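These notes concern the structure reproduced below.
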Protein chains: 2
Amino acid sequence: MYVLEPKSVALIGASDDETKLGCSILKNLIGGSYKGEVFPVNPKHTEMMGKKCFATIGDISGAVDLAVIVTPAATVCAIAEECGKKKVKTLVVISAGFGELGTNEGRTREEELATIAKKYKMTLIGPNCLGILRPSIGLNASFAATPSASGSIALISQSGAMAVALLDSAEGSGMAFSIVASIGNKAAMDESDFLEICEEDKKTRVIGLYLESIKDGARFTETAKRISAKKPIVLLKAGVSTRGAKAVSSHTGALAGSDAALVAACDAAGIHRAHGAEEFLDLLSVLSSEPPLLSPTIAVITNAGGPGVLATDAAEREKLLLTDLDPETKAALKAALPEAASIGNPVDVLGDAKADRYKAALHACAQDPEVDGIVVLLTPQVMTPCEEIAKAVVTMKKSHPLVPIIPCFMGGPHVESAKKIFSDAGLPCFITPEAAMRGMAAMLEKTTHTPEKTNHDRDDDRSSGASGILKGQTGLLEEELTEDLFELYDLPTPDQAVARSAEEAVELAKQIGYPVIAKVSSPDILHKTDIGGVRTNLQSDREVASAYEDILKNCKKALPTAGIRGVLIQQFLPIGNEFIVGGIRDASFGPLVMVGLGGIYTELFRDTCFALAPVTMNQAYDMLSSLKSWRLLTGMRGKGALDIESLAKAIVNISTMMHDCQRISEIDLNPVLVSKDRIVVADAKVVLK
Amino acid sequence: MYVLEPKSVALIGASDDETKLGCSILKNLIGGSYKGEVFPVNPKHTEMMGKKCFATIGDISGAVDLAVIVTPAATVCAIAEECGKKKVKTLVVISAGFGELGTNEGRTREEELATIAKKYKMTLIGPNCLGILRPSIGLNASFAATPSASGSIALISQSGAMAVALLDSAEGSGMAFSIVASIGNKAAMDESDFLEICEEDKKTRVIGLYLESIKDGARFTETAKRISAKKPIVLLKAGVSTRGAKAVSSHTGALAGSDAALVAACDAAGIHRAHGAEEFLDLLSVLSSEPPLLSPTIAVITNAGGPGVLATDAAEREKLLLTDLDPETKAALKAALPEAASIGNPVDVLGDAKADRYKAALHACAQDPEVDGIVVLLTPQVMTPCEEIAKAVVTMKKSHPLVPIIPCFMGGPHVESAKKIFSDAGLPCFITPEAAMRGMAAMLEKTTHTPEKTNHDRDDDRSSGASGILKGQTGLLEEELTEDLFELYDLPTPDQAVARSAEEAVELAKQIGYPVIAKVSSPDILHKTDIGGVRTNLQSDREVASAYEDILKNCKKALPTAGIRGVLIQQFLPIGNEFIVGGIRDASFGPLVMVGLGGIYTELFRDTCFALAPVTMNQAYDMLSSLKSWRLLTGMRGKGALDIESLAKAIVNISTMMHDCQRISEIDLNPVLVSKDRIVVADAKVVLK
C-alpha cells in the first residue's frame with residue numbers, strides 16, 4: 001500500500017541541528033532498516049548525515065512516494081504545491097500553525113493545504129501531526145522513537161504526544177506494531193480513512209484509536225462496524241466529561257449527556273471502549289495475542305489463596321464465571337497435585353509449587369469442556385521458580401492455541417525476568433488480578449447486529465406524509481399535528497382534543513368519557529406539571545370546568561408571555577408502568593433513539609438505553625432488556641408480563657421517524673403507559689429545528 | 001515497643017539447607033543491619049552461619065525477647081511451652097498445619113498454642129504466617145525479602161503471599177515501610193490488635209491492611225475509627241463477590257449483599273477502601289507522602305493536550321473539580337509562558353516545555369487561593385528534559401509543603417530515570433492520569449461522625465418493655481406485638497386489627513373508616529402480594545367481605561400448610577412516596593440499619609444506604625442524602641418537600657431497636673409512606689432469632 005510502504009521519502013525541512021524536529025526525523029528515517037531512498041531537502045545544505053541534500057523537492061531526480069514537511073507553517077502551502085508538481089503520492093505535514101491555532105489565518109492556511117492536496121490527488125496526513133511509522137519495513141517518518149518490534153497492532157492517535165507516550169509505555173510489554181500514525185488536524189485524512197487503511201493492511205490484526213473528536217460520526221460507525229467483525233477495534237476517547245454538555249429542551253436530551261451517541265456508536269459497531277491509557281494498552285495487548293474467549297466461563301490457577309480470592313472478585317465484576325470444574329478435570333488435578341492443593345476453582349497449586357504443578361493444572365483445565373479461558377496467577381514466594389513457570393506457561397499456550405491463557409505475575413523485581421520471557425514471546429503478562437480479568441473479559445467476542453431486512457427500509461409514503469405534516473412548523477409541534485404524525489407512525493395516543501373554553505372542555509370530556517385529564521396546550525410551556533398546568537383524574541363536569549379555569553390562571557401567572565392555545569382534554573389512563581421513549585439528533589452521529597424508565601424516576605435513576613436510529617425489533621428488545629427496569633416488563637412479585645412487543649414497536653417507530661424526518665431535533669414520549677395488552681403514549685413532545 | 005523492637009531473637013528451626021524456610025529466615029535475620037542478638041536453635045547443629053547454634057531455647061543463657069518458630073506443626077506446642085518458660089515476650093509462629101487445615105487436629109493444636117501463649121503472657125503472632133519486619137532497626141524476622149528503605153507505611157497482611165507480592169511490587173516506587181507483618185491464622189493477635197500496635201508506633205503514619213476475614217467487626221470498626229483520625233487506614237479486602245451470600249428472609253437482608261456491613265464499617269471508621277492491589281499501593285503511597293487535600297478544587301499542568309483532557313475526564317469521575325484559575329494566577333502564567341500556551345485549567349505549557357515553564361506554572365498554581373492540589377502531567381516529547389522536570393517538581397514540592405502535588409509522567413523507558421528521581425525522594429509518580437486523579441482524590445480528608453451524645457443512649461424502660469413484648473416469641477413476630485413494639489419506639493402505624501371472620505372484617509372496616517386494605521395475617525407467609533394475600537382500596541362492606549374469603553382461598557391454595565391467624569384490616573393510605581427502612585444483624589459487625597427507596601423499585605434499583613446501628617439524627621440525614629431518591633424527599637418537578645425529619649427519626653428509632661433488642665435478626669418497614677407532614681409504616685415485618 002503506497003501510504004504505508006513508500007519506495008522513497010523526501011524530508012523537507014531536514015536539519016542537522018539537534019534541537020530541531022527536522023533532525024530527529026532524519027535520524028529516524030536513515031537510522032533504521034528502511035531500504036527505500038531518503039532525500040533530505042534543505043536549501044542551506046548540500047549534504048546531510050552522509051546523504052546528498054537537495055535545495056527543493058523539484059531538484060530530486062528520482063520519484064518521491066512520500067514527502068514529509070517540517071518547515072514553518074507559512075512556507076508549507078508553497079512546498080505542498082511543489083510536492084504536487086513532483087507527483088508525490090503522500091504528504092505528511094508535521095508542521096503546526098494551522099487550524100489548531102483557532103485563528104482565521106490558521107484555518108485558511110489549512111483549507112488551502114487541503115485544496116492543494118486534492119488538486120494533485122495527494123493523500124494528506126496532518127497537518128500538526130507526529131508522522132507515520134511502518135515497523136515491518138523499518139520506516140519511521142516521524143519524530144517518535146522506533147518501537148522495538150514489528151507486529152500486528154495499528155496505533156492511530158489524534159495526538160502526537162499521546163502516541164509517543166503510549167508507544168513508550170508499551171515498550172518492553174511484548175506489544176508489536178504494524179502501523180503507528182498520528183492524524184493531527186485531519187485536514188483531509190480522518191479517523192475513518194485511517195480505519196480503512198488498517199482494514200486493507202494485511203499486517204494489522206488489531207486497531208487502537210486514541211481520539212479527541214470524531215469528524216463524521218455516521219461514517220465512523222459504519223466503517224468501524226464493517227471492520228470490527230474482522231479486526232477488533234479499541235477506542236480511547238478523551239473528552240467524556242459532562243462539564244461542557246450543551247443546553248437541551250427535552251428529557252431525552254437531558255438524559256443523553258455528552259457521551260450517549262458515542263456509547264451507542266461503540267455498541268452498534270462492536271468497538272471496545274477503553275477507560276484509560278492503561279486499559280487501552282492492556283486490551284490491545286490481549287486482543288493482538290490471544291484467541292477469542294468463546295464463553296464467560298473460565299478457570300483460575302494460583303499459588304496463593306489471597307490473589308485467588310481477589311481474582312474471583314474481579315471476575316464477578318467483569319461478568320466472568322469461575323465454572324465448576326468437570327469431574328475428569330478434578331481427577332486429573334487430584335492425581336497431579338499434592339493432597340493439600342485445592343482442586344476447586346481457583347485451583348490452588350500451593351505456595352511451594354514449581355513449574356510441573358502449573359503445567360499439570362494448565363493442561364487439565366485446558367482440556368475441561370466447560371473452561372474457555374484460564375488466568376494463571378503467581379506470587380513470588382521463597383521457592384517459586386518464576387522464570388521456569390513463565391516458560392511452562394508459554395509452552396502450554398503453544399500447545400493450546402485456541403484457549404486464551406492470561407498470566408498474572410504479581411510483584412516487582414522478583415518477577416521481572418519472568419515477565420521478560422512473556423514479552424519476548426509477544427505475550428501479555430499482567431501484574432494484578434483485576435487487570436488480568438479485565439483483559440480476559442475483553443476477549444469475549446463482541447456481538448453486533450448483523451444487518452437485517454426490516455420494516456425500517458424507507459417507507460416513502462409515510463416519509464412524505466410526515467414532511468407534509470411538519471411543513472412550515474418550527475419549535476414545539478402542536479398537539480393536533482403531533483397526533484397526526486403519531487398516527488402515521490403507529491404510535492397509540494389517548495382520545496383527546498383541545499378546548500378553547502370551559503364549556504368546550506366539559507363537552508369534550510363528556511364525549512371522551514370520564515375520568516379525564518386536563519393539560520395546558522402551549523408551544524411555549526415545556527414542563528407543564530411544574531407550573532400547575534395539569535389536572536388529573538377529573539370525574540365530573542364541574543371538576544373539568546374549574547380545572548380549565550385554574551390551569552389558565554396558573555399558566556398566565558407563571559409564564560405571562562407564553563402563548564396559550566387552550567386546554568387539552570384527554571382520556572385519563574390508570575397509573576401503570578411508565579416508560580419514556582425518545583429521540584435526539586447528534587450533530588456528528590445523526591439520529592438516536594432512547595428508551596428508559598419514565599415518570600418521576602426517570603431523572604433519579606437515569607435507567608436508559610440509547611441506540612443509533614433506525615433500529616430493528618431485535619435491537620429494540622435488546623435495548624429493553626439492557627434496562628434495570630426490564631424486570632418491570634417481564635413481571636415481578638406476582639405481576640404478569642407487560643406488553644413488551646408494543647413497546648419495542650414504539651421504539652422502532654420512533655427510530656424510523658427520527659431517521660425519516662431530518663427536521664425533528666428531539667422527541668419525548670413521556671410517559672408511555674405500558675399495561676398487559678397495550679401501550680398508550682400519554683404525553684408527547686416533538687421539537688423541530 | 002517490645003513486639004516491634006526486640007533486643008534479641010531466637011529462631012527455632014534454623015537451618016542451613018537452602019530449600020528450608022529456616023534458612024531464608026536466618027539469612028534475613030543476620031544479613032541485615034539488625035543490632036540485637038540472634039540465636040539459631042536446632043539440636044542437630046552447634047554452629048550455623050558463623051553463629052553458635054543451640055539445641056533448645058532453654059540452652060540460651062541471655063534473655064530472648066522474640067522467638068520465631070518454623071518447626072513442623074506437631075512440635076510447635078512443646079516448643080512454645082519452652083519459650084514460655086524462657087520468658088519470651090513475643091512468639092511468631094511461621095509453621096503451617098493448624099486451623100487452616102480445616103481438620104479437628106489442626107483446630108485443637110491451634111487452641112492449645114493460644115492457651116500456652118496466654119498462660120505465659122506471650123504475644124502470639126500466627127501461626128501460619130510470614131513473620132514480621134521492622135526496617136528501622138534492620139529486623140527481618142520473616143522469609144520475605146527486606147524492603148529497601150525504612151519509612152512510615154505499616155503493611156499488615158492476612159496472607160504471607162500477598163505481603164510478599166505487595167512488597168515486591170512496591171520496590172522501586174519510593175514507598176518505605178515502618179512495619180510489615182502477616183497475621184496468619186489470628187490464633188491470638190488479630191487485625192484489631194495490629195491496628196493498635198500501629199496506633200502506638202511513632203514511626204507509622206499510614207496503615208495498609210490486606211484482609212480476607214475480619215474476626216470481630218465491632219471492635220475492628222471502633223479501633224479503626226479511633227486511629228484513622230490520626231493515621232489514614234487503607235483496606236484491601238478480598239472476598240467481596242456475592243457468590244456465597246447466604247439466604248435471607250427480608251428485603252433488607254436481600255438488599256444487603258455480603259459487603260454491606262463492611263461498607264458501613266469503612267464509612268463509619270473513615271477507612272479508605274482500595275478495590276485492587278494497584279489502587280491499594282497507590283493510596284498508601286500518596287497518603288504516606290502528601291499533605292491532605294483540603295477541598296476538591298485542583299489544577300492540572302500538562303505539556304500535551306490529550307493527557308490534559310484524559311485528566312479532566314478522570315477528575316470528574318473522582319469528583320474533583322478543575323477550578324477556574326484566579327486572575328492573578330492567569331497573569332503570572334501569561335507572563336511566564338509563551339503566547340501559544342493555554343492558561344486555562346489544564347494549564348498547557350506546550351510540547352517543547354523545559355523545566356522553567358513547569359516551575360513557573362507550578363509556582364503560580366500553588367499560590368492560587370482556589371487551588372488546593374496540583375497534578376503535573378508530562379509526556380516524553382522529543383525535546384522534553386524529563387529528569388530536569390522531575391527535579392523541578394521535587395523542588396517545588398519542598399517549597400510548597402502544604403499543597404499535594406502529584407506527578408504523572410506517562411511512558412516507559414523515556415521516563416524511567418525521571419521516575420527514579422521521585423522514588424529516591426520518597427515521592428509517588430503515576431503513569432496514567434486516571435491513577436493520578438484517584439490518588440489525588442484519596443488525599444481528600446475523610447469525615448467521620450464524631451461521637452455525639454444523643455437519644456440513642458440506652459433507654460432502660462423502653463429496652464425492658466421491648467424484652468417483655470418479645471419474650472417467648474420466635475420467627476416472624478405477629479401483627480399485634482409488632483404494633484406494640486412500634487408504639488414503644490415511636491414508629492407510626494396505620495389503624496388496623498385482625499379479623500377472624502368475614503363479619504368481623506366488615507365490622508373492623510366500619511370502625512377504621514373506608515377505604516381499607518385487607519392482608520392475610522400469617523407467620524408463615526412472607527411475600528403476601530405474590531400469592532394473592534392482599535386486596536387494596538376496598539370501598540364497601542360487600543368488597544371487604546368478599547376480599548376476606550378470596551384471600552383465605554388464595555393463601556390456602558398457594559400454601560396449604562401455612563398457619564393463618566385471620567385477615568388484617570387496615571386503613572388504606574393514599575399511594576405516596578414509598579421508602580423502606582430496615583435492620584439486619586451481621587455476625588461480625590453487629591446491628592445495621594438501612595433506608596432506601598421502597599415499593600416495586602426497591603429491588604430494581606437497590607437505592608439503599610446501610611449504616612452501623614445505632615445512628616444519630618445527623619447520620620440518619622446523611623444516609624438519606626446519600627440516596628439517589630433524596631431528591632424525592634426534598635421535592636422535585638414542582639412538588640414540595642416531604643417530611644424528612646420523621647423519616648430520619650424512624651431510621652434512628654429502628655437503629656436503636658436493633659441495638660436494644662439483640663434477639664431481632666431482621667426488620668423491614670416496607671413501605672413507609674412519606675407525605676408532606678408525616679410518615680406512616682404501611683407494612684412491617686420483624687424476624688426474631
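Chain labels run A, B, ... following the order of the C-alpha cells; each chain numbers its residues from 1, and ligands are numbered from 1 in the order shown.
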
Show me, as a PDB file with N, CA and C atoms, in the first residue's frame, the residues of chain A whose atoms get within 8 Å of chain B, using only C-alpha atoms for the distance check.
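Saved to selection_18.pdb:
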ATOM      1  N   THR A  19      18.468  20.375  18.014  1.00  0.00           N
ATOM      2  CA  THR A  19      17.295  20.920  18.706  1.00  0.00           C
ATOM      3  C   THR A  19      16.085  21.008  17.782  1.00  0.00           C
ATOM      4  N   LEU A  21      13.168  19.415  15.070  1.00  0.00           N
ATOM      5  CA  LEU A  21      12.446  18.187  14.713  1.00  0.00           C
ATOM      6  C   LEU A  21      12.989  17.593  13.419  1.00  0.00           C
ATOM      7  N   SER A  24      15.610  15.116  14.245  1.00  0.00           N
ATOM      8  CA  SER A  24      15.103  13.858  14.824  1.00  0.00           C
ATOM      9  C   SER A  24      14.495  12.976  13.736  1.00  0.00           C
ATOM     10  N   PHE A 143       8.841  11.865  14.467  1.00  0.00           N
ATOM     11  CA  PHE A 143       9.847  12.206  15.468  1.00  0.00           C
ATOM     12  C   PHE A 143       9.694  11.372  16.740  1.00  0.00           C
ATOM     13  N   ALA A 144       8.971  10.240  16.651  1.00  0.00           N
ATOM     14  CA  ALA A 144       8.864   9.310  17.780  1.00  0.00           C
ATOM     15  C   ALA A 144      10.003   8.293  17.704  1.00  0.00           C
ATOM     16  N   SER A 159      -3.443  12.647  18.806  1.00  0.00           N
ATOM     17  CA  SER A 159      -2.401  13.471  19.417  1.00  0.00           C
ATOM     18  C   SER A 159      -1.050  12.801  19.273  1.00  0.00           C
ATOM     19  N   ALA A 161       1.634  13.572  21.021  1.00  0.00           N
ATOM     20  CA  ALA A 161       2.192  13.357  22.358  1.00  0.00           C
ATOM     21  C   ALA A 161       1.665  12.066  22.967  1.00  0.00           C
ATOM     22  N   MET A 162       0.363  11.796  22.772  1.00  0.00           N
ATOM     23  CA  MET A 162      -0.207  10.555  23.306  1.00  0.00           C
ATOM     24  C   MET A 162       0.393   9.354  22.591  1.00  0.00           C
ATOM     25  N   VAL A 164       3.338   9.073  21.355  1.00  0.00           N
ATOM     26  CA  VAL A 164       4.681   8.879  21.900  1.00  0.00           C
ATOM     27  C   VAL A 164       4.610   8.229  23.285  1.00  0.00           C
ATOM     28  N   ALA A 165       3.736   8.759  24.131  1.00  0.00           N
ATOM     29  CA  ALA A 165       3.629   8.232  25.496  1.00  0.00           C
ATOM     30  C   ALA A 165       3.151   6.781  25.481  1.00  0.00           C
ATOM     31  N   LEU A 166       2.187   6.475  24.604  1.00  0.00           N
ATOM     32  CA  LEU A 166       1.653   5.112  24.542  1.00  0.00           C
ATOM     33  C   LEU A 166       2.709   4.142  24.010  1.00  0.00           C
ATOM     34  N   LEU A 167       3.417   4.545  22.955  1.00  0.00           N
ATOM     35  CA  LEU A 167       4.477   3.689  22.403  1.00  0.00           C
ATOM     36  C   LEU A 167       5.533   3.417  23.458  1.00  0.00           C
ATOM     37  N   ASP A 168       5.886   4.469  24.191  1.00  0.00           N
ATOM     38  CA  ASP A 168       6.923   4.333  25.206  1.00  0.00           C
ATOM     39  C   ASP A 168       6.441   3.417  26.333  1.00  0.00           C
ATOM     40  N   SER A 169       5.184   3.580  26.720  1.00  0.00           N
ATOM     41  CA  SER A 169       4.625   2.718  27.776  1.00  0.00           C
ATOM     42  C   SER A 169       4.583   1.260  27.331  1.00  0.00           C
ATOM     43  N   ALA A 170       4.357   1.043  26.037  1.00  0.00           N
ATOM     44  CA  ALA A 170       4.227  -0.327  25.527  1.00  0.00           C
ATOM     45  C   ALA A 170       5.573  -1.023  25.406  1.00  0.00           C
ATOM     46  N   GLU A 171       6.650  -0.236  25.410  1.00  0.00           N
ATOM     47  CA  GLU A 171       7.994  -0.792  25.255  1.00  0.00           C
ATOM     48  C   GLU A 171       8.257  -1.811  26.357  1.00  0.00           C
ATOM     49  N   GLU A 212      -9.768  12.544  20.109  1.00  0.00           N
ATOM     50  CA  GLU A 212     -10.314  13.636  20.934  1.00  0.00           C
ATOM     51  C   GLU A 212     -11.603  14.166  20.326  1.00  0.00           C
ATOM     52  N   ALA A 238     -10.821  10.772  24.550  1.00  0.00           N
ATOM     53  CA  ALA A 238     -10.704  11.810  25.572  1.00  0.00           C
ATOM     54  C   ALA A 238     -11.874  12.763  25.425  1.00  0.00           C
ATOM     55  N   GLY A 239     -12.313  13.310  26.554  1.00  0.00           N
ATOM     56  CA  GLY A 239     -13.386  14.306  26.488  1.00  0.00           C
ATOM     57  C   GLY A 239     -14.752  13.715  26.737  1.00  0.00           C
ATOM     58  N   VAL A 240     -14.887  12.816  27.709  1.00  0.00           N
ATOM     59  CA  VAL A 240     -16.218  12.292  28.019  1.00  0.00           C
ATOM     60  C   VAL A 240     -16.879  13.056  29.155  1.00  0.00           C
ATOM     61  N   SER A 241     -16.140  13.959  29.797  1.00  0.00           N
ATOM     62  CA  SER A 241     -16.730  14.618  30.961  1.00  0.00           C
ATOM     63  C   SER A 241     -17.887  15.504  30.527  1.00  0.00           C
ATOM     64  N   GLY A 276      -9.113   4.324  29.999  1.00  0.00           N
ATOM     65  CA  GLY A 276      -7.883   4.964  30.445  1.00  0.00           C
ATOM     66  C   GLY A 276      -6.745   4.412  29.608  1.00  0.00           C
ATOM     67  N   ALA A 277      -5.584   5.072  29.721  1.00  0.00           N
ATOM     68  CA  ALA A 277      -4.441   4.698  28.893  1.00  0.00           C
ATOM     69  C   ALA A 277      -3.990   3.266  29.191  1.00  0.00           C
ATOM     70  N   GLU A 278      -4.028   2.898  30.460  1.00  0.00           N
ATOM     71  CA  GLU A 278      -3.551   1.570  30.828  1.00  0.00           C
ATOM     72  C   GLU A 278      -4.467   0.491  30.252  1.00  0.00           C
ATOM     73  N   ALA A 304      -1.399 -19.038  45.600  1.00  0.00           N
ATOM     74  CA  ALA A 304      -1.711 -18.439  46.907  1.00  0.00           C
ATOM     75  C   ALA A 304      -3.194 -18.135  46.951  1.00  0.00           C
ATOM     76  N   GLY A 305      -3.766 -18.291  48.157  1.00  0.00           N
ATOM     77  CA  GLY A 305      -5.211 -18.111  48.300  1.00  0.00           C
ATOM     78  C   GLY A 305      -5.675 -16.685  48.057  1.00  0.00           C
ATOM     79  N   GLY A 306      -4.976 -15.716  48.665  1.00  0.00           N
ATOM     80  CA  GLY A 306      -5.411 -14.319  48.613  1.00  0.00           C
ATOM     81  C   GLY A 306      -5.637 -13.805  47.197  1.00  0.00           C
ATOM     82  N   PRO A 307      -4.625 -13.887  46.336  1.00  0.00           N
ATOM     83  CA  PRO A 307      -4.818 -13.428  44.964  1.00  0.00           C
ATOM     84  C   PRO A 307      -5.939 -14.182  44.253  1.00  0.00           C
ATOM     85  N   VAL A 309      -8.705 -15.142  45.645  1.00  0.00           N
ATOM     86  CA  VAL A 309      -9.952 -14.501  46.059  1.00  0.00           C
ATOM     87  C   VAL A 309     -10.115 -13.155  45.336  1.00  0.00           C
ATOM     88  N   LEU A 310      -9.022 -12.392  45.242  1.00  0.00           N
ATOM     89  CA  LEU A 310      -9.092 -11.117  44.513  1.00  0.00           C
ATOM     90  C   LEU A 310      -9.503 -11.366  43.059  1.00  0.00           C
ATOM     91  N   THR A 312     -11.308 -13.875  41.972  1.00  0.00           N
ATOM     92  CA  THR A 312     -12.723 -14.243  41.969  1.00  0.00           C
ATOM     93  C   THR A 312     -13.600 -12.996  42.033  1.00  0.00           C
ATOM     94  N   ASP A 313     -13.223 -12.065  42.907  1.00  0.00           N
ATOM     95  CA  ASP A 313     -13.951 -10.786  42.998  1.00  0.00           C
ATOM     96  C   ASP A 313     -13.918 -10.062  41.654  1.00  0.00           C
ATOM     97  N   GLU A 316     -16.127 -11.541  38.933  1.00  0.00           N
ATOM     98  CA  GLU A 316     -17.541 -11.211  39.086  1.00  0.00           C
ATOM     99  C   GLU A 316     -17.834  -9.809  38.554  1.00  0.00           C
ATOM    100  N   GLY A 351       1.883 -22.798  47.732  1.00  0.00           N
ATOM    101  CA  GLY A 351       2.988 -21.844  47.720  1.00  0.00           C
ATOM    102  C   GLY A 351       4.325 -22.411  47.279  1.00  0.00           C
ATOM    103  N   THR A 379       2.406 -15.620  42.772  1.00  0.00           N
ATOM    104  CA  THR A 379       3.065 -14.681  43.684  1.00  0.00           C
ATOM    105  C   THR A 379       4.459 -15.237  43.900  1.00  0.00           C
ATOM    106  N   PRO A 380       5.464 -14.371  43.942  1.00  0.00           N
ATOM    107  CA  PRO A 380       6.850 -14.848  44.040  1.00  0.00           C
ATOM    108  C   PRO A 380       7.190 -15.244  45.468  1.00  0.00           C
ATOM    109  N   GLN A 381       6.948 -16.504  45.827  1.00  0.00           N
ATOM    110  CA  GLN A 381       7.266 -16.954  47.174  1.00  0.00           C
ATOM    111  C   GLN A 381       8.707 -17.467  47.203  1.00  0.00           C
ATOM    112  N   VAL A 382       9.157 -17.829  48.400  1.00  0.00           N
ATOM    113  CA  VAL A 382      10.598 -18.116  48.546  1.00  0.00           C
ATOM    114  C   VAL A 382      11.098 -19.123  47.520  1.00  0.00           C
ATOM    115  N   MET A 383      10.329 -20.190  47.338  1.00  0.00           N
ATOM    116  CA  MET A 383      10.830 -21.274  46.493  1.00  0.00           C
ATOM    117  C   MET A 383      10.297 -21.196  45.064  1.00  0.00           C
ATOM    118  N   MET A 410       2.268 -11.393  39.993  1.00  0.00           N
ATOM    119  CA  MET A 410       2.236 -10.245  40.891  1.00  0.00           C
ATOM    120  C   MET A 410       3.620  -9.970  41.465  1.00  0.00           C
ATOM    121  N   GLY A 411       3.963  -8.699  41.590  1.00  0.00           N
ATOM    122  CA  GLY A 411       5.231  -8.344  42.204  1.00  0.00           C
ATOM    123  C   GLY A 411       6.031  -7.406  41.350  1.00  0.00           C
ATOM    124  N   GLY A 412       7.284  -7.148  41.771  1.00  0.00           N
ATOM    125  CA  GLY A 412       8.160  -6.222  41.061  1.00  0.00           C
ATOM    126  C   GLY A 412       9.419  -6.938  40.604  1.00  0.00           C
ATOM    127  N   PRO A 413      10.571  -6.596  41.200  1.00  0.00           N
ATOM    128  CA  PRO A 413      11.848  -7.160  40.748  1.00  0.00           C
ATOM    129  C   PRO A 413      11.848  -8.698  40.697  1.00  0.00           C
ATOM    130  N   HIS A 414      11.169  -9.351  41.637  1.00  0.00           N
ATOM    131  CA  HIS A 414      11.218 -10.815  41.668  1.00  0.00           C
ATOM    132  C   HIS A 414      10.594 -11.460  40.443  1.00  0.00           C
ATOM    133  N   THR A 432      -1.736  -7.407  38.186  1.00  0.00           N
ATOM    134  CA  THR A 432      -2.805  -7.500  39.189  1.00  0.00           C
ATOM    135  C   THR A 432      -3.929  -8.377  38.638  1.00  0.00           C
ATOM    136  N   PRO A 433      -4.606  -9.116  39.532  1.00  0.00           N
ATOM    137  CA  PRO A 433      -5.727  -9.955  39.092  1.00  0.00           C
ATOM    138  C   PRO A 433      -6.807  -9.123  38.416  1.00  0.00           C
ATOM    139  N   GLU A 434      -6.981  -7.867  38.865  1.00  0.00           N
ATOM    140  CA  GLU A 434      -8.019  -7.015  38.301  1.00  0.00           C
ATOM    141  C   GLU A 434      -7.753  -6.757  36.818  1.00  0.00           C
ATOM    142  N   THR A 529     -46.344  20.315  34.338  1.00  0.00           N
ATOM    143  CA  THR A 529     -46.710  19.955  35.708  1.00  0.00           C
ATOM    144  C   THR A 529     -46.142  20.952  36.715  1.00  0.00           C
ATOM    145  N   ASP A 530     -44.919  21.373  36.433  1.00  0.00           N
ATOM    146  CA  ASP A 530     -44.204  22.214  37.391  1.00  0.00           C
ATOM    147  C   ASP A 530     -44.924  23.521  37.703  1.00  0.00           C
ATOM    148  N   ILE A 531     -45.719  24.027  36.757  1.00  0.00           N
ATOM    149  CA  ILE A 531     -46.342  25.340  36.996  1.00  0.00           C
ATOM    150  C   ILE A 531     -47.851  25.231  37.207  1.00  0.00           C
ATOM    151  N   LEU A 604     -34.157  10.493  38.384  1.00  0.00           N
ATOM    152  CA  LEU A 604     -33.435   9.986  39.556  1.00  0.00           C
ATOM    153  C   LEU A 604     -32.480   8.877  39.177  1.00  0.00           C
ATOM    154  N   PHE A 605     -32.964   7.947  38.368  1.00  0.00           N
ATOM    155  CA  PHE A 605     -32.157   6.746  38.151  1.00  0.00           C
ATOM    156  C   PHE A 605     -31.517   6.667  36.775  1.00  0.00           C
ATOM    157  N   LYS A 628     -32.451  -1.805  33.729  1.00  0.00           N
ATOM    158  CA  LYS A 628     -32.767  -2.407  35.027  1.00  0.00           C
ATOM    159  C   LYS A 628     -34.269  -2.639  35.135  1.00  0.00           C
ATOM    160  N   SER A 629     -35.037  -1.738  34.512  1.00  0.00           N
ATOM    161  CA  SER A 629     -36.497  -1.830  34.573  1.00  0.00           C
ATOM    162  C   SER A 629     -37.057  -2.968  33.722  1.00  0.00           C
ATOM    163  N   ARG A 631     -37.185  -5.933  34.325  1.00  0.00           N
ATOM    164  CA  ARG A 631     -37.966  -6.843  35.170  1.00  0.00           C
ATOM    165  C   ARG A 631     -39.376  -6.332  35.417  1.00  0.00           C
ATOM    166  N   ARG A 637     -42.702  -9.954  41.316  1.00  0.00           N
ATOM    167  CA  ARG A 637     -43.509 -10.034  42.534  1.00  0.00           C
ATOM    168  C   ARG A 637     -44.968 -10.366  42.227  1.00  0.00           C
ATOM    169  N   GLY A 638     -45.160 -11.413  41.447  1.00  0.00           N
ATOM    170  CA  GLY A 638     -46.515 -11.899  41.241  1.00  0.00           C
ATOM    171  C   GLY A 638     -47.271 -11.201  40.136  1.00  0.00           C
ATOM    172  N   LYS A 639     -46.680 -10.136  39.559  1.00  0.00           N
ATOM    173  CA  LYS A 639     -47.369  -9.472  38.469  1.00  0.00           C
ATOM    174  C   LYS A 639     -46.952 -10.111  37.154  1.00  0.00           C
TER     175      LYS A 639
END

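Excluding Val506 of chain A itself and any same-chain residue fewer than 6 positions from it, the protein and nucleic acid residues within 8 Å of it, counting only C-alpha atoms, are Asp541, Val544 and Ala545 of chain A.
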
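Distance check against Lys215 of chain A using only C-alpha atoms: of A:Ala353, A:Ile301, A:Val498, A:Ala587, the minimum falls on A:Ala587.
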
Show me, as a count of residues only, the residues that have an atom within 8 Å of segment 68-78 of chain A when counting only C-alpha atoms, minus same-chain residues fewer than 2 positions from it.
26

8 Å contact set for segment 321-337 of chain B, only C-alpha atoms, chain neighbours under 2 positions out, as a PyMOL selection string:
chain B and resi 296-300+312+315-316+319+339+341+343-346+349+357+360-361+364-365+367-371

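For Leu470 of chain A, the set of protein, DNA and RNA residues having any atom at most 9 Å away, when counting only C-alpha atoms and skipping those fewer than 3 positions along the same chain, is Gly465, Ala466, Ser467, Gln473, Thr474, Leu477, Leu481, Leu485, Cys661, Arg663, Ile664 and Leu688 of chain A.
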
Between B:Pro6, B:Pro523, B:Gly58, B:Gly563, which is the closest to Val38 of chain B once you count only C-alpha atoms?
B:Pro6

Which of segment 446-604 of chain A fall in helix (DSSP H, G or I), as a ChimeraX atom specification:
/A:460-470,479-488,502-512,529-531,541-558,601-604

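For the pair atom CA of Ile183 of chain A and atom CA of Asn140 of chain A, the separation is 15.1 Å.
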